[in-house]
>>> print(open('coords-v7.txt').read())   # compact mmCIF, C-alpha atoms and all ligand atoms
# COMPACT_ATOMS: atom_id res chain seq x y z
CA MET P 1 2.20 0.07 23.37
CA LYS P 2 4.95 -2.54 22.85
CA LYS P 3 3.56 -6.02 22.29
CA ASP P 4 4.34 -9.11 24.29
CA GLN P 5 6.66 -11.15 22.02
CA LYS P 6 4.61 -14.35 22.50
CA ILE P 7 1.42 -13.07 20.93
CA VAL P 8 2.90 -11.41 17.86
CA PRO P 9 1.55 -13.06 14.72
CA ASP P 10 3.60 -13.09 11.54
CA MET P 11 2.08 -10.67 9.04
CA ARG P 12 3.39 -9.63 5.66
CA PRO P 13 1.91 -7.85 2.62
CA PHE P 14 -0.35 -10.26 0.72
CA LEU P 15 0.14 -8.24 -2.49
CA LYS P 16 3.28 -7.03 -4.22
CA TRP P 17 2.83 -3.30 -4.53
CA ALA P 18 4.75 -0.70 -6.51
CA GLY P 19 6.41 1.63 -4.02
CA GLY P 20 6.15 -1.01 -1.28
CA LYS P 21 8.17 0.04 1.75
CA THR P 22 9.70 -3.23 2.98
CA GLN P 23 13.30 -2.03 2.49
CA LEU P 24 12.72 1.12 4.58
CA LEU P 25 10.98 -0.48 7.56
CA ASN P 26 14.04 -0.26 9.83
CA GLU P 27 14.45 3.43 9.06
CA PHE P 28 10.79 4.03 9.97
CA HIS P 29 10.98 1.98 13.17
CA GLN P 30 13.98 4.04 14.30
CA ARG P 31 11.91 7.21 13.89
CA LEU P 32 8.71 6.33 15.71
CA PRO P 33 7.29 8.90 18.11
CA GLU P 34 8.29 8.07 21.69
CA GLU P 35 4.62 8.32 22.71
CA ILE P 36 4.06 4.95 21.00
CA LEU P 37 6.41 3.25 23.45
CA ALA P 38 4.91 5.18 26.35
CA GLY P 39 1.44 3.88 25.44
CA LYS P 40 0.08 7.38 24.80
CA ILE P 41 -0.69 6.65 21.17
CA THR P 42 -3.67 4.35 20.80
CA ARG P 43 -4.65 4.89 17.14
CA TYR P 44 -2.87 4.44 13.82
CA ALA P 45 -3.87 5.78 10.38
CA GLU P 46 -2.29 5.04 6.99
CA PRO P 47 -4.17 6.84 4.22
CA PHE P 48 -2.09 5.56 1.23
CA ILE P 49 -2.11 1.94 2.32
CA GLY P 50 -1.03 0.11 -0.89
CA GLY P 51 0.43 -3.27 0.15
CA GLY P 52 0.59 -2.07 3.77
CA ALA P 53 4.19 -3.09 4.56
CA PHE P 54 4.53 -0.59 7.42
CA PHE P 55 0.98 -1.06 8.74
CA LEU P 56 1.60 -4.80 9.14
CA SER P 57 5.11 -4.45 10.51
CA LEU P 58 4.04 -1.81 13.02
CA ASN P 59 1.14 -3.94 14.22
CA ARG P 60 3.48 -6.89 14.74
CA ASN P 61 5.35 -4.79 17.27
CA TYR P 62 2.78 -2.47 18.82
CA SER P 63 -0.84 -2.65 19.93
CA PHE P 64 -3.30 0.01 18.83
CA GLU P 65 -6.92 0.17 19.94
CA ARG P 66 -8.05 1.25 16.46
CA CYS P 67 -6.41 1.52 13.06
CA MET P 68 -7.64 3.13 9.88
CA ILE P 69 -6.39 2.40 6.37
CA CYS P 70 -7.40 4.17 3.17
CA ASP P 71 -6.56 4.12 -0.52
CA VAL P 72 -8.09 5.56 -3.65
CA ASN P 73 -7.68 2.22 -5.45
CA GLU P 74 -11.14 0.62 -5.18
CA GLU P 75 -10.05 -2.90 -6.10
CA LEU P 76 -7.34 -2.83 -3.44
CA ILE P 77 -9.78 -1.62 -0.77
CA LEU P 78 -12.27 -4.27 -1.84
CA THR P 79 -9.55 -6.90 -1.26
CA TYR P 80 -8.82 -5.60 2.25
CA ASN P 81 -12.56 -5.69 3.00
CA VAL P 82 -12.85 -9.27 1.79
CA ILE P 83 -9.89 -10.32 3.98
CA LYS P 84 -11.62 -8.66 6.91
CA LYS P 85 -15.10 -10.08 6.34
CA ALA P 86 -14.75 -13.31 4.36
CA VAL P 87 -11.24 -14.66 4.72
CA LYS P 88 -12.39 -18.30 4.81
CA GLN P 89 -14.17 -18.10 1.46
CA LEU P 90 -11.32 -16.08 0.01
CA ILE P 91 -8.78 -18.76 0.98
CA GLU P 92 -11.08 -21.38 -0.56
CA ASN P 93 -11.38 -19.49 -3.87
CA LEU P 94 -7.70 -18.63 -4.00
CA GLY P 95 -6.75 -22.21 -3.08
CA ILE P 96 -8.74 -23.50 -6.06
CA LEU P 97 -6.94 -21.11 -8.41
CA GLU P 98 -3.59 -22.09 -6.90
CA SER P 99 -4.21 -25.85 -7.27
CA GLU P 100 -5.26 -25.38 -10.87
CA TYR P 101 -2.16 -23.30 -11.55
CA ARG P 102 0.17 -25.85 -9.93
CA SER P 103 -1.34 -28.77 -11.85
CA LYS P 104 -0.32 -27.27 -15.22
CA ASP P 105 2.87 -27.11 -17.24
CA GLU P 106 4.43 -23.75 -18.10
CA SER P 107 2.27 -22.99 -21.14
CA GLY P 108 -0.86 -24.17 -19.30
CA LYS P 109 -0.02 -21.80 -16.44
CA GLU P 110 0.32 -18.90 -18.83
CA LEU P 111 -2.99 -19.78 -20.49
CA LEU P 112 -4.72 -19.94 -17.10
CA TYR P 113 -3.27 -16.55 -16.19
CA TYR P 114 -4.83 -14.94 -19.29
CA GLU P 115 -8.15 -16.70 -18.65
CA VAL P 116 -8.28 -15.33 -15.11
CA ARG P 117 -7.28 -11.88 -16.35
CA ASP P 118 -10.06 -11.90 -19.00
CA GLU P 119 -12.59 -13.04 -16.43
CA PHE P 120 -11.44 -10.30 -14.04
CA ASN P 121 -11.84 -7.64 -16.75
CA ARG P 122 -15.29 -8.98 -17.71
CA LYS P 123 -16.56 -8.99 -14.12
CA LEU P 124 -15.01 -5.73 -12.93
CA PRO P 125 -17.53 -3.33 -14.55
CA GLN P 126 -20.43 -5.24 -12.91
CA ILE P 127 -19.07 -4.92 -9.38
CA ASN P 128 -20.97 -2.73 -6.94
CA PHE P 129 -18.14 -1.38 -4.79
CA GLN P 130 -20.59 0.04 -2.24
CA ARG P 131 -22.16 -3.22 -1.13
CA PHE P 132 -20.45 -6.42 0.02
CA SER P 133 -21.43 -9.50 -2.07
CA PRO P 134 -20.03 -12.98 -2.89
CA GLU P 135 -18.74 -11.48 -6.16
CA TRP P 136 -16.33 -9.42 -4.07
CA THR P 137 -14.70 -12.59 -2.76
CA GLU P 138 -14.23 -14.04 -6.26
CA LEU P 139 -12.80 -10.75 -7.49
CA ALA P 140 -10.40 -10.48 -4.54
CA ALA P 141 -9.14 -14.04 -5.18
CA ARG P 142 -8.48 -13.11 -8.82
CA ILE P 143 -6.72 -9.89 -7.77
CA ILE P 144 -4.34 -11.78 -5.45
CA PHE P 145 -3.78 -14.55 -8.02
CA LEU P 146 -3.02 -12.06 -10.82
CA ASN P 147 -0.80 -9.95 -8.58
CA ARG P 148 1.28 -12.97 -7.50
CA THR P 149 1.70 -14.37 -11.03
CA CYS P 150 1.85 -11.28 -13.25
CA PHE P 151 4.93 -9.53 -14.61
CA ASN P 152 6.77 -7.61 -11.87
CA GLY P 153 3.92 -8.12 -9.39
CA LEU P 154 2.12 -5.03 -10.53
CA PHE P 155 -1.50 -4.26 -10.00
CA ARG P 156 -2.22 -1.66 -12.60
CA VAL P 157 -5.32 -0.69 -14.51
CA ASN P 158 -5.20 1.31 -17.72
CA GLN P 159 -7.29 4.37 -18.65
CA LYS P 160 -10.22 2.09 -19.57
CA GLY P 161 -10.11 0.51 -16.11
CA GLU P 162 -8.70 -2.80 -17.42
CA PHE P 163 -5.96 -4.88 -15.82
CA ASN P 164 -3.44 -5.28 -18.65
CA VAL P 165 -0.22 -6.58 -17.08
CA PRO P 166 1.33 -9.58 -18.93
CA TYR P 167 2.15 -12.99 -17.41
CA GLY P 168 5.14 -13.09 -15.03
CA LYS P 169 6.82 -16.50 -15.72
CA TYR P 170 7.76 -17.02 -12.05
CA LYS P 171 9.17 -20.44 -11.12
CA ASN P 172 7.26 -20.96 -7.88
CA PRO P 173 5.21 -17.93 -6.86
CA GLU P 174 3.53 -17.88 -3.44
CA ILE P 175 -0.18 -17.55 -4.21
CA CYS P 176 -2.27 -18.50 -1.19
CA ASN P 177 -0.58 -18.10 2.19
CA SER P 178 -3.56 -18.91 4.39
CA ASP P 179 -1.77 -18.29 7.73
CA ASN P 180 -0.78 -14.84 6.62
CA LEU P 181 -4.28 -14.05 5.31
CA ASN P 182 -5.83 -15.23 8.58
CA ASN P 183 -3.43 -13.10 10.64
CA VAL P 184 -4.09 -10.03 8.51
CA SER P 185 -7.82 -10.71 8.80
CA ALA P 186 -7.60 -10.73 12.59
CA LEU P 187 -5.86 -7.35 12.56
CA LEU P 188 -8.40 -5.89 10.14
CA LYS P 189 -11.20 -6.69 12.61
CA THR P 190 -10.14 -3.58 14.56
CA THR P 191 -9.31 -1.56 11.46
CA ARG P 192 -11.57 0.88 9.65
CA ILE P 193 -11.12 0.41 5.89
CA VAL P 194 -11.94 3.40 3.71
CA SER P 195 -12.00 3.86 -0.03
CA GLY P 196 -11.09 7.28 -1.41
CA ASP P 197 -8.88 10.31 -1.00
CA PHE P 198 -6.34 10.55 1.84
CA THR P 199 -8.28 13.41 3.47
CA LYS P 200 -10.98 10.90 4.45
CA CYS P 201 -8.94 10.04 7.54
CA ARG P 202 -9.62 13.56 8.88
CA THR P 203 -12.31 12.60 11.39
CA PHE P 204 -10.44 9.51 12.62
CA VAL P 205 -7.27 11.37 13.53
CA ASP P 206 -6.96 12.93 16.99
CA LYS P 207 -4.08 13.74 19.34
CA THR P 208 -3.63 10.10 20.27
CA THR P 209 -3.08 9.07 16.62
CA PHE P 210 0.10 8.24 14.72
CA VAL P 211 -0.30 8.85 10.97
CA TYR P 212 2.02 7.62 8.21
CA PHE P 213 1.69 9.04 4.69
CA ASP P 214 3.26 7.20 1.76
CA PRO P 215 1.89 9.05 -1.28
CA PRO P 216 2.75 8.20 -4.88
CA TYR P 217 6.25 9.45 -5.62
CA ARG P 218 6.93 12.73 -7.23
CA PRO P 219 8.57 11.50 -10.45
CA LEU P 220 12.38 11.55 -10.37
CA ASN P 221 12.36 12.66 -13.98
CA GLN P 222 9.96 12.80 -16.91
CA THR P 223 10.46 9.17 -18.00
CA SER P 224 10.42 7.48 -14.60
CA SER P 225 6.95 8.66 -13.69
CA PHE P 226 4.84 5.85 -12.33
CA THR P 227 1.42 7.28 -11.73
CA SER P 228 -0.75 4.35 -12.77
CA TYR P 229 -1.94 2.95 -9.42
CA THR P 230 -5.28 4.35 -10.49
CA LYS P 231 -6.77 6.10 -13.48
CA SER P 232 -6.27 9.49 -11.83
CA GLY P 233 -2.54 9.85 -10.91
CA PHE P 234 -1.08 12.18 -8.28
CA SER P 235 0.02 15.66 -9.40
CA ASP P 236 2.07 18.38 -7.70
CA THR P 237 -1.24 20.01 -6.77
CA ASP P 238 -2.07 16.82 -4.85
CA GLN P 239 1.38 16.87 -3.18
CA VAL P 240 0.66 20.44 -2.00
CA ARG P 241 -2.83 19.43 -0.82
CA LEU P 242 -1.08 16.74 1.21
CA VAL P 243 1.33 19.28 2.75
CA GLU P 244 -1.67 21.32 3.88
CA PHE P 245 -3.35 18.23 5.30
CA PHE P 246 -0.11 17.27 7.12
CA ARG P 247 -0.21 20.73 8.75
CA GLU P 248 -3.88 20.33 9.68
CA LEU P 249 -3.17 17.02 11.47
CA ASP P 250 -0.12 18.57 13.14
CA ARG P 251 -2.38 21.30 14.55
CA LYS P 252 -4.69 18.59 15.89
CA GLY P 253 -1.76 17.24 17.91
CA ALA P 254 -1.34 13.99 15.94
CA LYS P 255 2.12 12.52 15.36
CA VAL P 256 2.74 12.46 11.61
CA MET P 257 5.38 10.80 9.40
CA LEU P 258 5.61 11.10 5.61
CA SER P 259 8.00 9.55 3.09
CA ASN P 260 8.67 10.44 -0.53
CA SER P 261 11.37 10.34 -3.16
CA ASP P 262 13.93 13.12 -2.91
CA PRO P 263 13.71 15.20 -6.09
CA ARG P 264 17.24 16.44 -5.37
CA ASN P 265 18.54 13.01 -6.42
CA GLN P 266 18.07 14.20 -9.98
CA ASP P 267 18.07 17.94 -9.68
CA PRO P 268 19.97 19.46 -6.72
CA ASN P 269 18.00 22.67 -7.21
CA ASP P 270 14.60 21.02 -6.82
CA THR P 271 13.74 21.99 -3.25
CA PHE P 272 10.02 21.22 -3.50
CA PHE P 273 9.80 19.27 -0.22
CA ASP P 274 12.49 21.29 1.61
CA ASP P 275 10.42 24.41 0.94
CA HIS P 276 7.00 22.98 1.72
CA PHE P 277 8.04 21.18 4.90
CA SER P 278 10.63 23.73 6.08
CA ASP P 279 9.22 23.91 9.61
CA PHE P 280 9.28 20.11 10.14
CA THR P 281 12.10 17.57 10.48
CA ILE P 282 13.38 16.36 7.10
CA GLU P 283 15.79 13.43 6.96
CA ARG P 284 17.37 11.74 3.95
CA VAL P 285 17.99 7.98 4.01
CA PRO P 286 19.49 5.78 1.27
CA ALA P 287 17.19 3.42 -0.65
CA ASN P 288 17.45 1.17 -3.70
CA ARG P 289 15.18 2.28 -6.42
CA VAL P 290 14.49 1.73 -10.10
CA ILE P 291 15.69 4.99 -11.58
CA ASN P 292 14.60 4.82 -15.16
CA SER P 293 11.46 3.81 -16.98
CA ASN P 294 12.48 0.35 -18.26
CA GLY P 295 13.59 -0.77 -14.83
CA ALA P 296 17.04 -1.77 -16.07
CA ARG P 297 18.96 0.74 -13.96
CA ARG P 298 18.75 0.44 -10.22
CA GLY P 299 20.69 2.65 -7.91
CA LYS P 300 21.06 4.06 -4.43
CA ILE P 301 19.10 7.23 -4.07
CA ASN P 302 17.83 9.21 -1.13
CA GLU P 303 14.38 8.85 0.26
CA LEU P 304 12.87 11.59 2.41
CA ILE P 305 11.39 10.92 5.84
CA ILE P 306 9.54 13.93 7.22
CA THR P 307 8.11 14.06 10.74
CA ASN P 308 6.40 16.67 12.89
CA TYR P 309 7.95 15.40 16.13
CA LEU P 310 11.69 14.51 15.92
C1 LIG P 401 3.59 4.54 -2.69
S1 LIG P 401 2.03 3.69 -2.72
C2 LIG P 401 1.91 3.11 -1.10
C3 LIG P 401 2.74 1.89 -0.89
C4 LIG P 401 2.60 1.26 0.50
N1 LIG P 401 3.18 2.07 1.52
C5 LIG P 401 3.23 -0.12 0.53
O1 LIG P 401 4.04 -0.44 1.40
O2 LIG P 401 2.87 -0.93 -0.34
C6 LIG P 401 0.85 4.95 -2.86
C7 LIG P 401 -0.62 4.54 -2.77
O3 LIG P 401 -1.42 5.73 -2.79
C8 LIG P 401 -2.65 5.45 -3.45
N2 LIG P 401 -3.23 6.75 -3.84
C9 LIG P 401 -3.02 7.51 -4.95
N3 LIG P 401 -3.69 8.67 -4.88
C10 LIG P 401 -4.36 8.67 -3.69
C11 LIG P 401 -5.23 9.59 -3.01
N4 LIG P 401 -5.54 10.78 -3.55
N5 LIG P 401 -5.72 9.27 -1.80
C12 LIG P 401 -5.41 8.05 -1.22
N6 LIG P 401 -4.61 7.13 -1.82
C13 LIG P 401 -4.07 7.44 -3.03
C14 LIG P 401 -2.25 4.52 -4.58
O4 LIG P 401 -3.36 3.76 -5.00
C15 LIG P 401 -1.14 3.68 -3.91
O5 LIG P 401 -1.66 2.50 -3.37
>>> encode(input="coords-v7.txt", output="structure tokens", more="lines below")
Ligand SMILES: C[S@@+](CC[C@H](N)C(=O)[O-])C[C@H]1O[C@@H](n2cnc3c(N)ncnc32)[C@H](O)[C@@H]1O
Amino acid sequence: MKKDQKIVPDMRPFLKWAGGKTQLLNEFHQRLPEEILAGKITRYAEPFIGGGAFFLSLNRNYSFERCMICDVNEELILTYNVIKKAVKQLIENLGILESEYRSKDESGKELLYYEVRDEFNRKLPQINFQRFSPEWTELAARIIFLNRTCFNGLFRVNQKGEFNVPYGKYKNPEICNSDNLNNVSALLKTTRIVSGDFTKCRTFVDKTTFVYFDPPYRPLNQTSSFTSYTKSGFSDTDQVRLVEFFRELDRKGAKVMLSNSDPRNQDPNDTFFDDHFSDFTIERVPANRVINSNGARRGKINELIITNYL
């Protein structure tokens, strides 16, 4: 249901996230199911939540009774849980890190960054991801701090489960935006937060639910593959599993939208998505994207938006 303009809080992603969808938000808003406007959709699910650009933007404009977000990245889900349950303490911890950072000169800032990164990597193996504890809040503050000050705003762990991104040398990075964190926290109070595979949203989704899938991209070519959100990656077998799950939710009567890179940008004969989603609506919209591995070449390429309702 459309929200009353007066009560809409400002909400933006609190993390920079690879594959973040900020630039495509208008395209998505133009392709919402009409049942949202008619108030017939009361639930929203986003099973590859990442930085949550669309989740937050959608909730600025529409009211849902319940939302569900999910991601396989445990540290990310821990951070969402902390924002939901302990935003005050989080802001306190993050504020301390921010003040320390701002009090230092450039080399002091860099040194602090590596101290926080070391501390994060030392503490991470001791974290019990199943049970909320004060350690979660400290870890979440470090995650946000590192994400806002690291190179390219990546949150990436290597095969050993260590965060290894170098310092970012930003002039004036935003670290602790307490208004934004408080607004996101309020929204999360009516949001179920789940850690794990995208299929975990199965029981939440019914015919009154709108679902948006933003899986890791199918690599444009061999060198551009970015599959390091987690230790596991996302293979073509996973993409096909997702197609089957999309069909399952369609049969339930849910409204479903999915975006991905268009493999035909690189290889006009690669009809992977055209074939798998042939009985749904497939649209191509232009997007700016890093198109090679060192990030030096950016270009306009097509992004796919697939829906079961247009
Ligand atoms: C393209 S990103 C989503 C970006 C997000 N839409 C945004 O605006 O920031 C894909 C996300 O899928 C997550 N992911 C990878 N494999 C997954 C799986 N099997 N189940 C659920 N999430 C997964 C990654 O951790 C990553 O956060």
>>> closest_residue(input="coords-v7.txt", among="P:Gly95, P:Gly253, P:Pro13, P:Gly51", to="ligand LIG 401 (chain P)", atoms="all atoms listed in the file")
P:Gly51
>>> atom_distance(input="coords-v7.txt", atom1="CA of Tyr62 in chain P", atom2="CA of Phe204 in chain P")
18.9 Å
>>> closest_residue(input="coords-v7.txt", among="P:Leu139, P:Ile36, P:Leu76, P:Met68", to="Thr191 in chain P", atoms="all atoms listed in the file")
P:Met68
>>> residues_near_ligand(input="coords-v7.txt", ligand="ligand LIG 401 (chain P)", cutoff="6 Å", atoms="only C-alpha atoms and all ligand atoms", output="PyMOL selection string")
chain P and resi 17+19-21+47-53+71-73+196-198+214-216+229-230+234
>>> write_last_selection(input="coords-v7.txt", atoms="C-alpha atoms", output="short mmCIF file (atom, residue, chain, number, x, y, z; two decimals), in the coordinates of the input")
data_model
loop_
_atom_site.label_atom_id
_atom_site.label_comp_id
_atom_site.auth_asym_id
_atom_site.auth_seq_id
_atom_site.Cartn_x
_atom_site.Cartn_y
_atom_site.Cartn_z
CA TRP P 17 2.83 -3.30 -4.53
CA GLY P 19 6.41 1.63 -4.02
CA GLY P 20 6.15 -1.01 -1.28
CA LYS P 21 8.17 0.04 1.75
CA PRO P 47 -4.17 6.84 4.22
CA PHE P 48 -2.09 5.56 1.23
CA ILE P 49 -2.11 1.94 2.32
CA GLY P 50 -1.03 0.11 -0.89
CA GLY P 51 0.43 -3.27 0.15
CA GLY P 52 0.59 -2.07 3.77
CA ALA P 53 4.19 -3.09 4.56
CA ASP P 71 -6.56 4.12 -0.52
CA VAL P 72 -8.09 5.56 -3.65
CA ASN P 73 -7.68 2.22 -5.45
CA GLY P 196 -11.09 7.28 -1.41
CA ASP P 197 -8.88 10.31 -1.00
CA PHE P 198 -6.34 10.55 1.84
CA ASP P 214 3.26 7.20 1.76
CA PRO P 215 1.89 9.05 -1.28
CA PRO P 216 2.75 8.20 -4.88
CA TYR P 229 -1.94 2.95 -9.42
CA THR P 230 -5.28 4.35 -10.49
CA PHE P 234 -1.08 12.18 -8.28
#
>>> residues_around(input="coords-v7.txt", residues="Leu258 in chain P", least_positions_apart="4", cutoff="8 Å", atoms="all atoms listed in the file", output="PyMOL selection string")
chain P and resi 212-214+304-307
>>> closest_residue(input="coords-v7.txt", among="P:Ala254, P:Arg241, P:Ser261, P:Ile143", to="Thr203 in chain P", atoms="only C-alpha atoms")
P:Ala254
>>> closest_residue(input="coords-v7.txt", among="P:Ser278, P:Glu283, P:Arg43, P:Asn269", to="Phe55 in chain P", atoms="only C-alpha atoms")
P:Arg43
>>> closest_residue(input="coords-v7.txt", among="P:Phe132, P:Phe151, P:Phe210, P:Phe14", to="Cys67 in chain P", atoms="only C-alpha atoms")
P:Phe210
>>> closest_residue(input="coords-v7.txt", among="P:Leu154, P:Ile91, P:Val256, P:Leu146", to="Leu112 in chain P", atoms="all atoms listed in the file")
P:Leu146
>>> atom_distance(input="coords-v7.txt", atom1="CA of Leu187 in chain P", atom2="CA of Leu56 in chain P")
8.6 Å
>>> atom_distance(input="coords-v7.txt", atom1="CA of Ile69 in chain P", atom2="CA of Thr281 in chain P")
24.3 Å
